[in-house]
file model.txt (compact mmCIF, C-alpha atoms)
# COMPACT_ATOMS: atom_id res chain seq x y z
CA MET A 1 -9.06 16.25 32.40
CA GLY A 2 -6.09 18.47 31.68
CA THR A 3 -3.62 17.40 29.04
CA HIS A 4 -0.84 19.91 29.85
CA VAL A 5 0.32 19.67 26.21
CA LYS A 6 1.06 22.74 24.12
CA GLU A 7 -1.41 23.39 21.34
CA SER A 8 1.45 23.44 18.82
CA LEU A 9 2.33 19.83 19.71
CA THR A 10 -1.16 18.38 19.31
CA LEU A 11 -2.53 16.53 16.29
CA SER A 12 -5.88 16.56 14.53
CA PRO A 13 -8.20 13.67 15.53
CA TYR A 14 -7.92 11.82 12.21
CA PHE A 15 -4.17 11.35 12.77
CA LEU A 16 -5.08 8.88 15.50
CA TRP A 17 -6.21 6.49 12.77
CA ILE A 18 -2.79 6.73 11.13
CA LEU A 19 -0.84 6.33 14.37
CA ILE A 20 -2.80 3.36 15.73
CA HIS A 21 -3.06 1.55 12.41
CA GLY A 22 0.61 2.19 11.61
CA THR A 23 1.64 0.83 15.01
CA GLN A 24 -0.46 -2.31 14.60
CA MET A 25 0.94 -3.09 11.13
CA ARG A 26 4.09 -4.95 12.09
CA SER A 27 6.44 -7.73 11.04
CA THR A 28 3.94 -10.14 12.60
CA LEU A 29 2.01 -9.95 9.32
CA LEU A 30 4.76 -12.02 7.69
CA ILE A 31 4.40 -14.98 10.07
CA PHE A 32 1.05 -14.84 11.89
CA GLN A 33 -0.68 -17.51 9.77
CA ASN A 34 1.29 -20.41 11.21
CA SER A 35 0.57 -19.18 14.74
CA ILE A 36 -3.18 -18.69 14.55
CA ILE A 37 -3.80 -22.16 13.10
CA LYS A 38 -2.65 -23.69 16.40
CA GLY A 39 -5.95 -24.85 17.78
CA ALA A 40 -8.80 -24.21 15.35
CA GLU A 41 -6.68 -24.81 12.21
CA MET A 42 -8.48 -23.37 9.15
CA ASP A 43 -11.37 -22.20 11.34
CA ALA A 44 -8.90 -19.83 13.02
CA LEU A 45 -10.26 -17.02 10.85
CA LEU A 46 -13.29 -16.89 13.13
CA SER A 47 -11.12 -16.57 16.24
CA PHE A 48 -9.02 -13.93 14.51
CA ALA A 49 -12.07 -11.87 13.62
CA LEU A 50 -13.43 -12.10 17.18
CA VAL A 51 -10.14 -10.80 18.61
CA GLY A 52 -10.30 -7.89 16.16
CA ILE A 53 -13.86 -7.11 17.27
CA SER A 54 -12.86 -7.31 20.94
CA PHE A 55 -10.27 -4.58 20.35
CA HIS A 56 -13.10 -2.11 19.75
CA LEU A 57 -14.20 -2.76 23.33
CA LEU A 58 -10.62 -2.27 24.51
CA ILE A 59 -10.52 1.08 22.68
CA VAL A 60 -13.65 2.12 24.59
CA MET A 61 -11.94 1.13 27.86
CA MET A 62 -8.80 3.10 27.04
CA PHE A 63 -10.76 6.26 26.21
CA TYR A 64 -12.67 5.86 29.47
CA LEU A 65 -9.45 5.55 31.47
CA MET A 66 -7.71 8.46 29.77
CA LYS A 67 -10.76 10.68 30.25
CA HIS A 68 -10.36 10.26 34.02
CA ALA A 69 -6.56 10.72 34.07
CA ALA A 70 -5.31 14.06 35.36
CA GLU A 71 -2.95 14.57 32.42
CA GLY A 72 -4.65 12.22 29.98
CA ASP A 73 -2.09 9.40 29.99
CA ILE A 74 -1.37 6.15 31.79
CA ILE A 75 1.49 7.76 33.73
CA SER A 76 -0.71 10.28 35.54
CA LEU A 77 -3.48 7.69 35.97
CA HIS A 78 -1.08 5.36 37.81
CA ASN A 79 -0.06 8.17 40.14
CA GLN A 80 -3.71 9.05 40.81
CA LEU A 81 -4.81 5.52 41.60
CA PHE A 82 -1.77 4.03 43.33
CA GLY A 83 0.30 6.92 44.67
CA LYS A 84 3.72 8.15 43.67
CA TRP A 85 5.92 5.09 44.27
CA LEU A 86 3.59 2.24 43.30
CA GLY A 87 2.37 4.34 40.40
CA LYS A 88 5.92 4.75 39.12
CA LEU A 89 6.56 1.04 39.54
CA LEU A 90 3.52 0.19 37.38
CA THR A 91 4.58 2.78 34.81
CA PHE A 92 8.03 1.19 34.63
CA ALA A 93 6.33 -2.17 34.08
CA PHE A 94 4.60 -0.58 31.08
CA TYR A 95 8.00 0.76 29.99
CA GLY A 96 9.35 -2.80 30.13
CA TYR A 97 6.45 -3.92 27.94
CA ILE A 98 7.32 -1.19 25.42
CA LEU A 99 10.93 -2.38 25.34
CA LEU A 100 9.74 -5.94 24.72
CA PHE A 101 7.49 -4.65 21.92
CA ILE A 102 10.35 -2.82 20.17
CA ILE A 103 12.86 -5.67 20.61
CA ASN A 104 10.43 -8.24 19.23
CA GLU A 105 9.57 -6.08 16.24
CA LEU A 106 13.15 -5.23 15.36
CA ARG A 107 14.56 -8.73 15.93
CA SER A 108 11.83 -10.39 13.86
CA TYR A 109 12.53 -8.16 10.88
CA MET A 110 16.30 -8.55 11.26
CA GLU A 111 15.81 -12.31 10.98
CA VAL A 112 13.93 -11.89 7.69
CA ILE A 113 16.71 -9.66 6.32
CA HIS A 114 19.38 -12.09 7.51
CA VAL A 115 17.77 -15.23 6.04
CA TRP A 116 16.34 -13.88 2.79
CA VAL A 117 18.67 -11.09 1.69
CA PHE A 118 21.95 -10.64 3.60
CA PRO A 119 22.92 -13.95 5.25
CA ASN A 120 26.53 -12.86 5.86
CA THR A 121 25.73 -9.54 7.50
CA GLN A 122 26.24 -9.20 11.25
CA LEU A 123 23.12 -8.67 13.34
CA TRP A 124 24.60 -5.78 15.28
CA SER A 125 25.34 -3.73 12.17
CA LEU A 126 21.78 -4.03 10.87
CA SER A 127 20.43 -3.20 14.32
CA VAL A 128 22.62 -0.10 14.67
CA LEU A 129 21.55 1.15 11.24
CA PHE A 130 17.87 0.67 11.98
CA LEU A 131 18.04 2.18 15.47
CA LEU A 132 19.93 5.25 14.19
CA ILE A 133 17.27 5.85 11.54
CA SER A 134 14.55 5.45 14.17
CA ALA A 135 16.34 7.80 16.56
CA TYR A 136 16.64 10.45 13.84
CA ILE A 137 12.89 10.29 13.24
CA VAL A 138 11.96 10.30 16.94
CA THR A 139 14.08 13.37 17.67
CA GLY A 140 11.81 15.28 15.29
CA GLY A 141 8.89 14.77 17.65
CA LEU A 142 5.47 13.17 17.38
CA ARG A 143 4.45 15.23 14.35
CA VAL A 144 7.42 13.94 12.34
CA ILE A 145 6.65 10.38 13.48
CA THR A 146 3.05 10.85 12.32
CA GLY A 147 4.21 12.04 8.89
CA ILE A 148 6.49 9.02 8.50
CA THR A 149 3.69 6.75 9.70
CA LEU A 150 1.39 8.10 6.97
CA VAL A 151 3.89 6.91 4.36
CA CYS A 152 4.25 3.62 6.23
CA VAL A 153 0.48 3.11 6.08
CA LEU A 154 0.11 3.90 2.38
CA LEU A 155 2.98 1.78 1.01
CA PRO A 156 1.98 -1.60 2.53
CA SER A 157 -1.64 -1.05 1.48
CA MET A 158 -0.43 -0.84 -2.12
CA LEU A 159 0.79 -4.45 -1.80
CA ILE A 160 -2.74 -5.73 -1.15
CA PRO A 161 -3.53 -6.01 -4.91
CA SER A 162 -0.62 -8.47 -5.19
CA LEU A 163 -2.80 -10.98 -3.33
CA TYR A 164 -4.66 -11.43 -6.63
CA TYR A 165 -1.87 -13.65 -7.99
CA PRO A 166 -1.97 -16.38 -5.31
CA LEU A 167 -5.75 -16.04 -5.26
CA LYS A 168 -5.82 -17.31 -8.86
CA HIS A 169 -4.42 -20.61 -7.55
CA ALA A 170 -6.70 -20.85 -4.53
CA HIS A 171 -8.04 -24.19 -3.29
CA TRP A 172 -11.20 -23.30 -1.39
CA THR A 173 -11.63 -26.90 -0.27
CA ASN A 174 -8.78 -26.21 2.19
CA PHE A 175 -11.41 -24.68 4.49
CA LEU A 176 -13.54 -27.84 4.66
CA PRO A 177 -14.97 -29.10 6.93
CA LEU A 178 -16.17 -25.87 8.55
CA PHE A 179 -16.71 -25.24 12.27
CA ASN A 180 -15.61 -28.68 13.46
CA HIS A 181 -13.50 -27.59 16.43
CA THR A 182 -14.08 -27.26 20.15
CA GLY A 183 -14.41 -24.01 22.09
CA TYR A 184 -10.98 -24.56 23.62
CA GLN A 185 -9.40 -24.83 20.16
CA TYR A 186 -11.04 -21.58 19.05
CA ALA A 187 -9.78 -19.94 22.25
CA GLU A 188 -6.25 -21.21 21.56
CA SER A 189 -6.30 -19.66 18.09
CA ALA A 190 -7.63 -16.42 19.59
CA TYR A 191 -4.74 -16.41 22.05
CA HIS A 192 -2.18 -16.69 19.25
CA SER A 193 -4.01 -14.05 17.19
CA LEU A 194 -3.45 -11.28 19.71
CA SER A 195 0.13 -10.42 18.71
CA THR A 196 -1.12 -9.30 15.29
CA PHE A 197 -3.23 -6.55 16.91
CA LEU A 198 -0.79 -5.23 19.51
CA GLY A 199 0.07 -1.55 19.13
CA ALA A 200 -3.32 0.00 19.95
CA GLU A 201 -2.24 0.24 23.60
CA PHE A 202 -0.03 3.22 22.71
CA LEU A 203 -3.26 5.22 22.84
CA LEU A 204 -2.56 5.28 26.59
CA LEU A 205 0.34 7.66 25.85
CA LEU A 206 -0.88 9.35 22.67
CA TYR A 207 -4.22 10.56 24.05
CA PRO A 208 -3.05 13.97 25.42
CA PHE A 209 -1.55 14.87 22.04
CA ILE A 210 -4.85 14.53 20.16
CA LYS A 211 -7.15 17.52 19.74
CA ASN A 212 -10.86 17.06 20.49
CA GLN A 213 -10.45 13.65 22.11
CA GLU A 214 -14.17 12.90 21.96
CA LYS A 215 -14.18 13.32 18.18
CA SER A 216 -11.09 11.11 17.86
CA LYS A 217 -12.94 7.98 19.04
CA LYS A 218 -14.30 7.16 15.60
CA TRP A 219 -10.80 7.39 14.12
CA ALA A 220 -9.43 4.98 16.72
CA HIS A 221 -12.19 2.49 15.88
CA LEU A 222 -11.52 2.98 12.17
CA ALA A 223 -7.84 2.20 12.78
CA VAL A 224 -8.68 -1.06 14.56
CA ALA A 225 -11.12 -2.05 11.80
CA HIS A 226 -8.47 -1.27 9.18
CA SER A 227 -5.90 -3.31 11.11
CA THR A 228 -8.33 -6.23 11.28
CA ILE A 229 -9.36 -6.30 7.62
CA ILE A 230 -5.86 -6.30 6.09
CA PRO A 231 -4.44 -9.32 8.03
CA PHE A 232 -7.81 -11.07 7.70
CA LEU A 233 -7.54 -10.82 3.90
CA ILE A 234 -3.92 -11.97 3.99
CA ALA A 235 -4.89 -14.95 6.17
CA LEU A 236 -7.85 -15.80 3.92
CA VAL A 237 -5.67 -15.89 0.81
CA SER A 238 -2.91 -17.79 2.64
CA PHE A 239 -5.34 -20.47 3.83
CA ALA A 240 -6.77 -20.82 0.32
CA PHE A 241 -3.34 -21.03 -1.34
CA LEU A 242 -1.46 -23.18 1.21
CA ASN A 243 -2.80 -26.32 2.84
CA LEU A 244 -2.66 -26.98 6.57
CA GLN A 245 0.60 -28.95 6.52
CA GLU A 246 2.34 -26.29 4.46
CA LEU A 247 1.17 -23.57 6.85
CA ARG A 248 2.57 -25.50 9.80
CA HIS A 249 6.04 -25.77 8.30
CA ILE A 250 6.48 -22.49 6.40
CA ILE A 251 7.97 -19.81 8.65
CA TRP A 252 6.98 -16.76 6.58
CA PRO A 253 3.75 -17.62 4.72
CA THR A 254 3.17 -14.05 3.50
CA LEU A 255 6.54 -14.03 1.76
CA MET A 256 5.74 -17.39 0.18
CA LEU A 257 2.64 -15.84 -1.38
CA SER A 258 4.84 -13.21 -3.03
CA LYS A 259 7.30 -15.75 -4.45
CA ILE A 260 4.89 -16.82 -7.18
CA ILE A 261 4.69 -13.25 -8.51
CA SER A 262 7.12 -12.37 -11.29
CA PHE A 263 7.34 -9.79 -14.04
CA PRO A 264 9.64 -9.56 -17.08
CA VAL A 265 11.66 -6.84 -15.34
CA LEU A 266 11.28 -8.18 -11.78
CA GLU A 267 11.54 -11.88 -11.13
CA ARG A 268 11.96 -11.85 -7.32
CA PHE A 269 8.91 -9.89 -6.14
CA ASP A 270 9.44 -11.22 -2.60
CA TYR A 271 12.40 -8.82 -2.32
CA VAL A 272 9.98 -5.96 -2.89
CA TYR A 273 7.88 -7.25 0.01
CA ILE A 274 10.89 -7.48 2.29
CA PHE A 275 12.26 -4.02 1.62
CA ILE A 276 8.87 -2.31 1.68
CA TRP A 277 8.28 -4.00 5.03
CA PHE A 278 11.07 -1.80 6.36
CA PHE A 279 8.59 1.07 6.08
CA VAL A 280 6.02 -1.07 7.88
CA ILE A 281 8.08 -1.70 11.00
CA ILE A 282 9.69 1.75 11.21
CA SER A 283 6.38 3.15 12.46
CA PRO A 284 5.77 0.88 15.49
CA CYS A 285 9.44 1.10 16.46
CA CYS A 286 9.40 4.92 16.34
CA VAL A 287 6.13 5.15 18.28
CA GLY A 288 7.54 2.66 20.82
CA LEU A 289 10.77 4.65 21.23
CA TRP A 290 8.77 7.86 21.58
CA GLY A 291 6.57 6.23 24.24
CA GLY A 292 9.55 4.88 26.18
CA THR A 293 11.25 8.28 26.00
CA ARG A 294 8.13 10.03 27.32
CA ILE A 295 7.88 7.62 30.26
CA LEU A 296 11.50 8.23 31.32
CA LYS A 297 11.03 11.96 30.86
CA LYS A 298 7.91 12.16 33.06
CA THR A 299 8.85 9.63 35.75
CA ILE A 300 12.57 10.24 36.24
CA GLY A 301 12.90 13.75 34.83
CA PHE A 302 15.35 12.99 32.03
CA ARG A 303 15.49 15.29 29.06
CA SER A 304 14.16 13.92 25.78
CA ARG A 305 17.43 13.05 24.07
CA PRO A 306 19.12 11.27 27.00
CA ALA A 307 15.88 9.34 27.60
CA LEU A 308 15.77 8.34 23.94
CA TRP A 309 19.38 7.12 23.87
CA ILE A 310 18.90 5.20 27.12
CA THR A 311 15.91 3.41 25.59
CA ILE A 312 17.80 2.67 22.37
CA SER A 313 20.81 1.37 24.32
CA ILE A 314 18.65 -1.01 26.35
CA VAL A 315 16.99 -2.30 23.17
CA PHE A 316 20.36 -2.88 21.49
CA VAL A 317 22.01 -4.58 24.47
CA VAL A 318 19.05 -6.90 25.16
CA MET A 319 18.55 -7.82 21.51
CA LEU A 320 22.19 -8.57 20.67
CA PRO A 321 22.42 -12.04 22.33
CA MET A 322 19.19 -13.20 20.66
CA LYS A 323 20.68 -15.02 17.69
CA SER A 324 18.79 -18.30 17.45
CA PRO A 325 15.28 -18.78 16.00
CA LEU A 326 14.29 -20.42 19.30
CA MET A 327 15.05 -17.19 21.15
CA ILE A 328 12.94 -15.25 18.65
CA ASN A 329 10.01 -17.62 19.23
CA LYS A 330 10.37 -17.22 23.00
CA LEU A 331 10.46 -13.46 22.57
CA ASP A 332 7.26 -13.52 20.53
CA SER A 333 5.58 -15.79 23.10
CA ALA A 334 6.61 -13.43 25.91
CA LEU A 335 5.15 -10.43 24.07
CA ASN A 336 1.92 -12.31 23.34
CA LEU A 337 1.51 -13.30 27.00
CA SER A 338 2.33 -9.77 28.18
CA GLY A 339 -0.19 -8.38 25.71
CA TRP A 340 -2.94 -10.64 27.02
CA ILE A 341 -2.20 -9.66 30.62
CA LEU A 342 -2.19 -5.95 29.73
CA MET A 343 -5.16 -5.81 27.37
CA TYR A 344 -7.56 -8.39 28.79
CA GLY A 345 -6.48 -8.37 32.42
CA TYR A 346 -4.97 -5.10 33.59
CA LEU A 347 -7.05 -2.63 31.54
CA PRO A 348 -10.44 -4.09 32.59
CA LEU A 349 -9.30 -4.09 36.25
CA LEU A 350 -8.26 -0.44 35.92
CA CYS A 351 -11.67 0.40 34.46
CA ILE A 352 -13.41 -1.31 37.39
CA TRP A 353 -11.19 0.51 39.89
CA VAL A 354 -11.77 3.92 38.26
CA GLY A 355 -15.52 3.25 38.11
CA LEU A 356 -15.62 2.31 41.81
CA ARG A 357 -13.65 5.43 42.77
CA ASN A 358 -16.03 7.64 40.82
CA TRP A 359 -19.08 5.91 42.31
CA LEU A 360 -17.75 6.26 45.87
CA ALA A 361 -16.85 9.92 45.27
CA ASN A 362 -20.34 10.65 43.93
CA ALA A 363 -21.97 8.77 46.80
CA LYS A 364 -19.88 10.71 49.33
CA ARG A 365 -20.72 13.99 47.63
CA THR A 366 -24.42 13.14 47.64
CA ALA A 367 -24.36 12.14 51.32
CA SER A 368 -22.63 15.38 52.32
CA THR A 369 -25.28 17.45 50.59
call {"tool": "encode", "arguments": {"input": "model.txt", "output": "structure tokens"}}
result
Amino acid sequence: MGTHVKESLTLSPYFLWILIHGTQMRSTLLIFQNSIIKGAEMDALLSFALVGISFHLLIVMMFYLMKHAAEGDIISLHNQLFGKWLGKLLTFAFYGYILLFIINELRSYMEVIHVWVFPNTQLWSLSVLFLLISAYIVTGGLRVITGITLVCVLLPSMLIPSLYYPLKHAHWTNFLPLFNHTGYQYAESAYHSLSTFLGAEFLLLLYPFIKNQEKSKKWAHLAVAHSTIIPFLIALVSFAFLNLQELRHIIWPTLMLSKIISFPVLERFDYVYIFIWFFVIISPCCVGLWGGTRILKKTIGFRSRPALWITISIVFVVMLPMKSPLMINKLDSALNLSGWILMYGYLPLLCIWVGLRNWLANAKRTAST
């Protein structure tokens, strides 16, 4: 496998932990509790944990695929397996998924800002500000994005101790009775849990930029484990603090946990959550913009900056008409469905196809000798 990436542009293996974890930590963490309870209700924690475990298998699949790609990314793999034109078509489908990922992330956070902090501010002005900041970071390259992501990983982790305050008012009887749901209900909760873990699929584009890819596997698995533990703890505290009916009707349960926290010099701690979450979502948006830019650069031949501004323009134009909460819910549902098709459908099929090609090539080589 040849990466065709300059040594000066590559990153040490442990940075893969920061990039994957930072991309998985998204605005979904503010709302995922009222989604995962659809089906298994309070037992949804089991489904959530199983989805997190399954992502370790998906990481193994992605490393297997990238190892057999000519240039170490999904773009070259598509061209290898399906030819120039069909390969480009599939790569553009992945580009569409990236656009959906960025739009969903940005629009979800804009809704939080609009409802909780600046109700009279126009959506387009907030979007322009955020996209300009993201564009400035992305123009610095992947190393700058990684440095920003490191900050984005550290700051949200510092909010984890704040879970102690709602935990003091926990009602552990909320979890009773345990394990009283059907397999279909657990599967439904697992389906709604997926959106919390999306972001690891950017490994399909990041792989060539990582030094010593074999040694980077443990860091990718560490990132997924890290991204499973944090939302699991948030969900555990949320389920203990809020009962089932409250979880069904509260739109942002994580923010509700922060509302009970107050200090003599800071009464509205939920504002701290909201503004620090800006640093949470800047990372997945920047990685998404970088990924979309790279796809346009390698498939169409655009230079980096035009490709970046084309991607940003598409995001802005598509997101602008999405003003109602119903549209935001549909957007999240579309991303969740697309994620399931990509992660649990397309990637396993690609692995089977690559394995068959290798087996046939080895069999042919053995027969000729």
call {"tool": "closest_residue", "arguments": {"input": "model.txt", "among": "A:Tyr14, A:Phe279, A:Tyr97, A:Tyr64", "to": "A:Leu198", "atoms": "all atoms listed in the file"}}
result
A:Tyr97
call {"tool": "atom_distance", "arguments": {"input": "model.txt", "atom1": "atom CA of A:Gly292", "atom2": "atom CA of A:Lys67"}}
result
21.5 Å
call {"tool": "closest_atom_pairs", "arguments": {"input": "model.txt", "of": "stretch 250-315 of chain A", "to": "stretch 110-131 of chain A", "cutoff": "8 Å", "atoms": "all atoms listed in the file", "output": "JSON lines"}}
result
{"residue": "A:Tyr271", "atom": "CA", "partner": "A:Val117", "partner_atom": "CA", "distance": 7.8}
{"residue": "A:Ile274", "atom": "CA", "partner": "A:Ile113", "partner_atom": "CA", "distance": 7.4}
{"residue": "A:Ile312", "atom": "CA", "partner": "A:Leu131", "partner_atom": "CA", "distance": 6.9}
call {"tool": "write_last_selection", "arguments": {"input": "model.txt", "atoms": "C-alpha atoms", "output": "short mmCIF file (atom, residue, chain, number, x, y, z; two decimals), in the frame of the given file"}}
result
data_model
loop_
_atom_site.label_atom_id
_atom_site.label_comp_id
_atom_site.auth_asym_id
_atom_site.auth_seq_id
_atom_site.Cartn_x
_atom_site.Cartn_y
_atom_site.Cartn_z
CA TYR A 271 12.40 -8.82 -2.32
CA ILE A 274 10.89 -7.48 2.29
CA ILE A 312 17.80 2.67 22.37
#
call {"tool": "closest_residue", "arguments": {"input": "model.txt", "among": "A:Leu233, A:Leu178, A:Leu247, A:Ala69", "to": "A:Ser162", "atoms": "only C-alpha atoms"}}
result
A:Leu233
call {"tool": "closest_atom_pairs", "arguments": {"input": "model.txt", "of": "stretch 87-140 of chain A", "to": "stretch 294-299 of chain A", "cutoff": "8 Å", "atoms": "all atoms listed in the file", "output": "tab-separated table"}}
result
residue	atom	partner	partner_atom	distance
A:Lys88	CA	A:Thr299	CA	6.6
A:Thr91	CA	A:Ile295	CA	7.4
A:Phe92	CA	A:Ile295	CA	7.8
A:Tyr95	CA	A:Ile295	CA	6.9
call {"tool": "atom_distance", "arguments": {"input": "model.txt", "atom1": "atom CA of A:Pro13", "atom2": "atom CA of A:Ser216"}}
result
4.5 Å
call {"tool": "closest_residue", "arguments": {"input": "model.txt", "among": "A:Leu360, A:Ile251, A:Leu206, A:Leu11", "to": "A:Met62", "atoms": "only C-alpha atoms"}}
result
A:Leu206
